[in-house]
file entry_2.cif (mmCIF, C-alpha atoms)
data_final
#
loop_
_atom_site.label_atom_id
_atom_site.label_comp_id
_atom_site.auth_asym_id
_atom_site.auth_seq_id
_atom_site.Cartn_x
_atom_site.Cartn_y
_atom_site.Cartn_z
CA MET A 116 18.60 3.38 10.62
CA ASN A 117 21.24 6.07 10.42
CA THR A 118 21.13 8.07 13.65
CA LYS A 119 24.35 10.00 13.25
CA PRO A 120 23.80 13.76 13.34
CA THR A 121 23.92 15.46 9.99
CA THR A 122 24.51 19.02 8.89
CA LYS A 123 23.24 20.84 5.85
CA TYR A 124 25.99 21.31 3.30
CA VAL A 125 26.13 23.04 -0.03
CA ILE A 126 27.96 20.90 -2.57
CA LYS A 127 29.62 22.80 -5.40
CA TYR A 128 30.65 20.78 -8.43
CA LYS A 129 30.73 20.54 -12.18
CA LEU A 130 28.46 18.26 -14.19
CA ASN A 131 29.86 17.61 -17.64
CA GLY A 132 31.92 20.76 -17.20
CA GLU A 133 29.03 23.01 -16.13
CA ARG A 134 28.97 24.59 -12.69
CA ARG A 135 26.21 23.28 -10.41
CA PHE A 136 25.30 23.15 -6.75
CA GLU A 137 23.03 21.08 -4.53
CA PHE A 138 22.13 20.97 -0.85
CA ALA A 139 22.42 17.78 1.16
CA GLN A 140 22.47 16.66 4.78
CA LEU A 141 25.86 15.08 5.37
CA GLU A 142 27.57 13.69 8.44
CA ASN A 143 30.68 15.55 7.40
CA GLY A 144 31.76 17.48 4.36
CA SER A 145 34.23 14.93 3.05
CA ASP A 146 34.73 14.61 -0.68
CA GLU A 147 33.55 11.00 -0.49
CA GLN A 148 30.24 11.87 1.16
CA ALA A 149 29.64 14.77 -1.18
CA LEU A 150 30.35 12.62 -4.23
CA ALA A 151 28.05 9.88 -2.92
CA ALA A 152 25.27 12.45 -2.48
CA LEU A 153 25.73 13.70 -6.03
CA LYS A 154 25.72 10.17 -7.42
CA ALA A 155 22.46 9.56 -5.59
CA ILE A 156 21.00 12.67 -7.21
CA HIS A 157 22.24 12.03 -10.72
CA GLY A 158 22.08 8.25 -10.71
CA GLU A 159 24.33 5.89 -12.56
CA SER A 160 24.60 7.82 -15.80
CA ALA A 161 27.41 8.78 -18.12
CA ASP A 162 27.46 12.29 -16.65
CA VAL A 163 30.89 13.39 -15.49
CA ILE A 164 30.98 14.86 -11.97
CA SER A 165 34.12 16.82 -11.12
CA ASP A 166 35.52 19.63 -8.95
CA VAL A 167 33.41 18.57 -5.95
CA LYS A 168 33.64 20.83 -2.87
CA ALA A 169 31.30 20.84 0.12
CA SER A 170 30.92 23.53 2.76
CA LYS A 171 28.48 24.00 5.60
CA ALA A 172 25.31 25.86 4.76
CA LEU A 173 24.62 27.47 8.10
CA MET B 31 23.80 11.05 4.55
CA THR B 32 20.33 12.34 3.79
CA LEU B 33 19.36 14.11 0.65
CA ASP B 34 17.52 17.22 1.61
CA LEU B 35 16.28 18.67 -1.60
CA PHE B 36 12.66 18.97 -0.51
CA ALA B 37 12.96 19.01 3.27
CA ASP B 38 12.21 22.70 3.79
CA SER B 39 9.10 24.37 2.50
CA ASP B 40 11.27 27.06 0.92
CA LEU B 41 13.41 24.52 -0.90
CA GLN B 42 10.85 23.79 -3.55
CA GLN B 43 13.37 22.96 -6.21
CA PRO B 44 16.86 21.54 -6.35
CA GLY B 45 19.69 24.00 -6.29
CA ARG B 46 20.08 25.44 -9.74
CA LEU B 47 22.78 27.55 -11.28
CA ALA B 48 21.46 29.57 -14.20
CA PRO B 49 24.10 31.37 -16.30
CA ILE B 50 23.07 34.86 -17.40
CA GLY B 51 26.36 35.86 -18.97
CA GLY B 52 29.89 34.67 -19.63
CA GLN B 53 30.88 35.14 -15.98
CA SER B 54 27.56 35.75 -14.26
CA CYS B 55 24.80 33.55 -12.96
CA VAL B 56 21.76 33.23 -10.71
CA LEU B 57 22.06 30.73 -7.87
CA ARG B 58 18.45 29.75 -7.25
CA GLY B 59 17.60 29.37 -3.57
CA PHE B 60 21.24 29.42 -2.55
CA ALA B 61 20.68 31.68 0.49
CA LEU B 62 17.73 29.73 1.92
CA PRO B 63 19.72 27.63 4.41
CA TRP B 64 21.32 30.82 5.75
CA VAL B 65 18.15 32.92 6.17
CA GLU B 66 17.57 32.06 9.82
CA ARG B 67 20.98 33.49 10.66
CA LEU B 68 20.93 36.33 8.15
CA LEU B 69 17.84 38.05 9.50
CA PRO B 70 18.88 38.40 13.18
CA ALA B 71 22.29 39.63 12.04
CA LEU B 72 20.57 42.15 9.81
CA VAL B 73 18.53 43.47 12.74
CA GLU B 74 21.73 44.08 14.70
CA VAL B 75 23.21 46.01 11.76
CA LEU B 76 20.10 48.14 11.35
CA VAL B 77 20.02 49.12 15.02
CA GLN B 78 23.40 50.75 14.46
CA ALA B 79 22.80 52.04 10.93
CA PRO B 80 19.07 52.39 10.19
CA PHE B 81 17.70 52.49 6.65
CA ARG B 82 17.67 55.93 5.09
CA GLN B 83 16.74 57.32 1.69
CA MET B 84 19.67 58.89 -0.09
CA VAL B 85 19.79 61.65 -2.66
CA THR B 86 21.53 61.24 -6.00
CA PRO B 87 24.01 63.81 -7.31
CA GLY B 88 21.22 64.94 -9.63
CA GLY B 89 18.99 65.76 -6.67
CA PHE B 90 16.58 62.82 -6.87
CA THR B 91 15.63 60.90 -3.75
CA MET B 92 16.19 57.19 -4.28
CA SER B 93 13.04 55.09 -3.88
CA ALA B 94 14.92 52.28 -2.14
CA SER B 95 16.12 52.79 1.44
CA LEU B 96 19.75 51.96 2.11
CA SER B 97 22.11 50.96 4.87
CA SER B 98 25.57 49.39 4.90
CA CYS B 99 27.90 47.27 6.93
CA GLY B 100 31.54 46.38 6.58
CA THR B 101 34.70 48.44 6.49
CA LEU B 102 33.26 50.61 3.75
CA GLY B 103 29.71 51.77 3.15
CA TRP B 104 28.28 53.13 -0.07
CA THR B 105 26.71 56.57 0.10
CA SER B 106 25.21 59.09 -2.26
CA ASP B 107 24.48 62.79 -1.89
CA ARG B 108 24.63 65.94 -3.99
CA ASP B 109 28.43 65.64 -4.04
CA GLY B 110 28.39 62.22 -5.75
CA TYR B 111 28.55 58.47 -5.17
CA ARG B 112 31.35 57.09 -3.01
CA TYR B 113 32.40 54.66 -0.31
CA THR B 114 33.05 56.00 3.18
CA ARG B 115 34.46 54.49 6.36
CA LEU B 116 32.01 56.45 8.51
CA ASP B 117 28.23 56.44 8.37
CA PRO B 118 27.46 60.07 7.48
CA GLN B 119 24.25 59.89 9.50
CA SER B 120 25.88 58.88 12.79
CA GLY B 121 29.49 59.89 12.25
CA ARG B 122 30.51 56.43 13.47
CA PRO B 123 32.10 53.56 11.53
CA TRP B 124 29.63 51.40 9.64
CA PRO B 125 28.60 48.30 11.60
CA GLN B 126 30.89 45.32 11.27
CA MET B 127 29.91 42.92 8.51
CA PRO B 128 28.27 39.88 10.17
CA GLU B 129 30.26 36.71 9.60
CA VAL B 130 27.21 34.97 8.15
CA PHE B 131 26.97 37.67 5.44
CA ARG B 132 30.63 37.27 4.54
CA GLN B 133 30.54 33.49 4.58
CA LEU B 134 27.45 33.29 2.40
CA ALA B 135 28.94 35.71 -0.12
CA VAL B 136 32.25 33.87 -0.28
CA ASP B 137 30.46 30.54 -0.79
CA ALA B 138 28.21 31.99 -3.49
CA ALA B 139 31.18 33.54 -5.28
CA GLN B 140 33.06 30.24 -5.18
CA THR B 141 30.04 28.43 -6.57
CA ALA B 142 29.92 30.92 -9.42
CA GLY B 143 33.60 30.38 -10.15
CA PHE B 144 35.18 33.28 -8.26
CA GLU B 145 37.69 31.97 -5.74
CA HIS B 146 39.21 34.18 -3.03
CA PHE B 147 36.36 36.72 -2.86
CA ALA B 148 37.01 39.00 0.13
CA PRO B 149 34.11 41.46 0.51
CA ASP B 150 34.69 44.57 2.59
CA ALA B 151 31.40 46.35 1.83
CA CYS B 152 27.80 45.21 2.06
CA LEU B 153 25.11 47.56 0.80
CA ILE B 154 21.65 46.71 2.11
CA ASN B 155 18.70 47.90 0.05
CA ARG B 156 15.09 47.86 1.22
CA TYR B 157 12.44 48.00 -1.46
CA VAL B 158 8.77 48.52 -0.70
CA PRO B 159 6.19 48.04 -3.47
CA GLY B 160 6.79 50.65 -6.16
CA ALA B 161 10.49 51.12 -5.29
CA LYS B 162 12.99 50.46 -8.08
CA MET B 163 16.64 50.84 -9.04
CA SER B 164 17.43 52.46 -12.36
CA LEU B 165 20.00 50.94 -14.69
CA HIS B 166 23.51 51.65 -13.48
CA GLN B 167 27.02 50.23 -13.37
CA ASP B 168 28.88 49.39 -10.15
CA ARG B 169 32.12 51.25 -10.72
CA ASN B 170 32.89 52.99 -7.43
CA GLU B 171 34.95 50.01 -6.28
CA ARG B 172 38.72 50.30 -6.43
CA ASP B 173 39.26 46.70 -7.57
CA LEU B 174 36.99 45.70 -10.41
CA THR B 175 38.45 42.19 -10.63
CA ALA B 176 36.29 41.05 -7.69
CA PRO B 177 32.70 40.01 -8.40
CA VAL B 178 29.46 41.48 -7.08
CA VAL B 179 27.31 39.13 -4.99
CA SER B 180 23.67 40.16 -4.67
CA VAL B 181 21.33 38.34 -2.25
CA SER B 182 17.54 38.66 -2.63
CA LEU B 183 15.12 38.18 0.26
CA GLY B 184 11.40 38.82 0.61
CA LEU B 185 9.15 39.97 -2.21
CA PRO B 186 10.11 38.90 -5.74
CA ALA B 187 11.71 41.32 -8.17
CA ILE B 188 12.53 41.58 -11.84
CA PHE B 189 16.27 42.10 -12.18
CA LEU B 190 17.42 43.89 -15.31
CA PHE B 191 20.77 42.72 -16.60
CA GLY B 192 22.04 44.68 -19.56
CA GLY B 193 25.24 45.14 -21.48
CA HIS B 194 28.16 47.53 -21.25
CA ALA B 195 26.18 50.45 -22.65
CA ARG B 196 23.08 51.85 -21.01
CA SER B 197 21.17 51.47 -24.27
CA ASP B 198 21.98 47.76 -24.64
CA LYS B 199 19.09 45.34 -24.46
CA THR B 200 18.41 43.98 -20.96
CA GLN B 201 17.50 40.50 -19.79
CA ARG B 202 14.53 40.44 -17.39
CA ILE B 203 15.37 37.93 -14.68
CA PRO B 204 12.85 37.10 -11.94
CA LEU B 205 14.45 36.89 -8.51
CA PHE B 206 12.85 35.16 -5.54
CA HIS B 207 13.49 34.84 -1.82
CA GLY B 208 16.88 33.20 -1.39
CA ASP B 209 18.20 33.73 -4.91
CA ILE B 210 21.70 35.12 -5.40
CA VAL B 211 23.08 36.82 -8.49
CA VAL B 212 26.85 36.85 -9.00
CA TRP B 213 28.54 38.81 -11.73
CA GLY B 214 32.19 39.55 -12.36
CA GLY B 215 35.02 39.20 -14.84
CA VAL B 216 33.87 40.14 -18.31
CA ASP B 217 30.42 40.96 -16.91
CA ARG B 218 31.57 43.08 -13.96
CA LEU B 219 30.62 46.42 -15.52
CA ARG B 220 27.35 45.40 -17.11
CA PHE B 221 24.44 47.76 -16.48
CA HIS B 222 21.81 46.41 -14.11
CA GLY B 223 18.75 47.54 -12.21
CA VAL B 224 15.44 46.47 -10.68
CA LEU B 225 11.93 47.10 -12.01
CA PRO B 226 9.38 48.59 -9.57
CA ILE B 227 8.49 46.00 -6.95
CA LYS B 228 4.93 44.73 -7.19
CA GLN B 229 2.51 44.66 -4.27
CA GLY B 230 2.68 41.47 -2.28
CA HIS B 231 3.27 39.83 1.05
CA HIS B 232 6.15 37.59 1.99
CA PRO B 233 5.64 35.20 4.94
CA GLN B 234 8.88 36.26 6.65
CA LEU B 235 9.43 39.81 5.47
CA GLY B 236 5.95 41.15 4.77
CA ALA B 237 5.59 43.79 2.09
CA GLU B 238 9.25 44.39 1.33
CA ARG B 239 12.23 43.10 -0.55
CA LEU B 240 15.69 43.16 1.00
CA ASN B 241 18.80 42.98 -1.11
CA PHE B 242 22.34 42.58 0.21
CA THR B 243 25.05 43.44 -2.28
CA LEU B 244 28.56 42.48 -1.28
CA ARG B 245 31.64 43.88 -2.98
CA THR B 246 35.33 44.40 -2.58
CA ALA B 247 35.37 48.17 -2.54
CA GLY B 248 38.67 49.23 -0.99
#
call {"tool": "encode", "arguments": {"input": "entry_2.cif", "output": "structure tokens"}}
result
Amino acid sequence: MNTKPTTKYVIKYKLNGERRFEFAQLENGSDEQALAALKAIHGESADVISDVKASKAL
Amino acid sequence: MTLDLFADSDLQQPGRLAPIGGQSCVLRGFALPWVERLLPALVEVLVQAPFRQMVTPGGFTMSASLSSCGTLGWTSDRDGYRYTRLDPQSGRPWPQMPEVFRQLAVDAAQTAGFEHFAPDACLINRYVPGAKMSLHQDRNERDLTAPVVSVSLGLPAIFLFGGHARSDKTQRIPLFHGDIVVWGGVDRLRFHGVLPIKQGHHPQLGAERLNFTLRTAG
């Protein structure tokens, strides 16, 4: 079980070139964590995720 | 990492960015994670600069009540529309813009594709049922390259988003608690307004709609 504290982040990104955003609880706002969260949302599809930026949603 | 799309009762749907123009969009629910910090900050602003109903240059009393925070505050009276550094009601500077307001607006602007947004004015509108905002353009700002970021809280509203002429057809866009509209660039001077607010009750705000509109005015 993951017991590390998490914080709510807003992840800004592009999906197939279109601007999108999602909220996710992340341990930190690293690009890797944000991308992993987006892949979990969108699954293993041919969609192209780019321009990923995460910032704290206070 | 925990996905949190449905953790809060207010977060009933995933974040969604809905384009409404070439450089304008609605960010559905974007402000929800910030609401718990926005509302106490708002109370502090309103203690210093309470809501008041302003008069238009034409002599009409606006149905929405207004206040402001930031370096500049928007005012209207028989002499015209303008930004001022002092609250004409108190003679003191407008309250400082709370950091949570600024941060939310900057994040929303970035999400909509506007980097480096630096708001210096936040107009706060309070709508009770029946209050409205007629179609108008935001053109009192000195720098029209910066976007407008408009945060909706409380009762729902129908936002009218038109073209560059008052007579252009308008889109009717429903706005709910936590939604943010951002418009700028080629859409910066599009006419916009709000239809009369319908009767209702919001769990946090009761029978009112609050709207924060952040701009770079100076």
call {"tool": "resolve_selection", "arguments": {"input": "entry_2.cif", "expression": "the PyMOL selection byres ((chain A) within 10 of (chain B))", "output": "ChimeraX atom specification"}}
result
/A:117-129,133-143,148-149,151-153,155-156,168-173
call {"tool": "residues_around", "arguments": {"input": "entry_2.cif", "residues": "Phe206 (chain B)", "least_positions_apart": "4", "cutoff": "12 Å", "atoms": "all atoms listed in the file", "output": "number ranges by chain"}}
result
B: 40-42, 56-62, 180-189, 210-211, 227, 232, 239-241
call {"tool": "resolve_selection", "arguments": {"input": "entry_2.cif", "expression": "the PyMOL selection byres ((chain B and resi 117) around 9)", "output": "list in words"}}
result
Ala79, Ser97, Ser98, Leu102, Gly103, Thr105, Thr114, Arg115, Leu116, Pro118, Gln119, Ser120, Gly121, Arg122, Pro123, Trp124 and Pro125 of chain B
call {"tool": "write_last_selection", "arguments": {"input": "entry_2.cif", "atoms": "C-alpha atoms", "output": "JSON list (two decimals), in the coordinates of the input"}}
result
[["chain", "number", "residue", "atom", "x", "y", "z"],
["B", 79, "ALA", "CA", 22.80, 52.04, 10.93],
["B", 97, "SER", "CA", 22.11, 50.96, 4.87],
["B", 98, "SER", "CA", 25.57, 49.39, 4.90],
["B", 102, "LEU", "CA", 33.26, 50.61, 3.75],
["B", 103, "GLY", "CA", 29.71, 51.77, 3.15],
["B", 105, "THR", "CA", 26.71, 56.57, 0.10],
["B", 114, "THR", "CA", 33.05, 56.00, 3.18],
["B", 115, "ARG", "CA", 34.46, 54.49, 6.36],
["B", 116, "LEU", "CA", 32.01, 56.45, 8.51],
["B", 118, "PRO", "CA", 27.46, 60.07, 7.48],
["B", 119, "GLN", "CA", 24.25, 59.89, 9.50],
["B", 120, "SER", "CA", 25.88, 58.88, 12.79],
["B", 121, "GLY", "CA", 29.49, 59.89, 12.25],
["B", 122, "ARG", "CA", 30.51, 56.43, 13.47],
["B", 123, "PRO", "CA", 32.10, 53.56, 11.53],
["B", 124, "TRP", "CA", 29.63, 51.40, 9.64],
["B", 125, "PRO", "CA", 28.60, 48.30, 11.60]]
call {"tool": "resolve_selection", "arguments": {"input": "entry_2.cif", "expression": "the PyMOL selection byres ((chain B and resi 82) around 7)", "output": "list of chain:residue names"}}
result
B:Pro80, B:Phe81, B:Gln83, B:Met84, B:Ser95, B:Leu96, B:Ser97
call {"tool": "atom_distance", "arguments": {"input": "entry_2.cif", "atom1": "CA of Asn170 (chain B)", "atom2": "CA of Leu69 (chain B)"}}
result
27.1 Å
call {"tool": "atom_distance", "arguments": {"input": "entry_2.cif", "atom1": "CA of Trp213 (chain B)", "atom2": "CA of Arg108 (chain B)"}}
result
28.5 Å
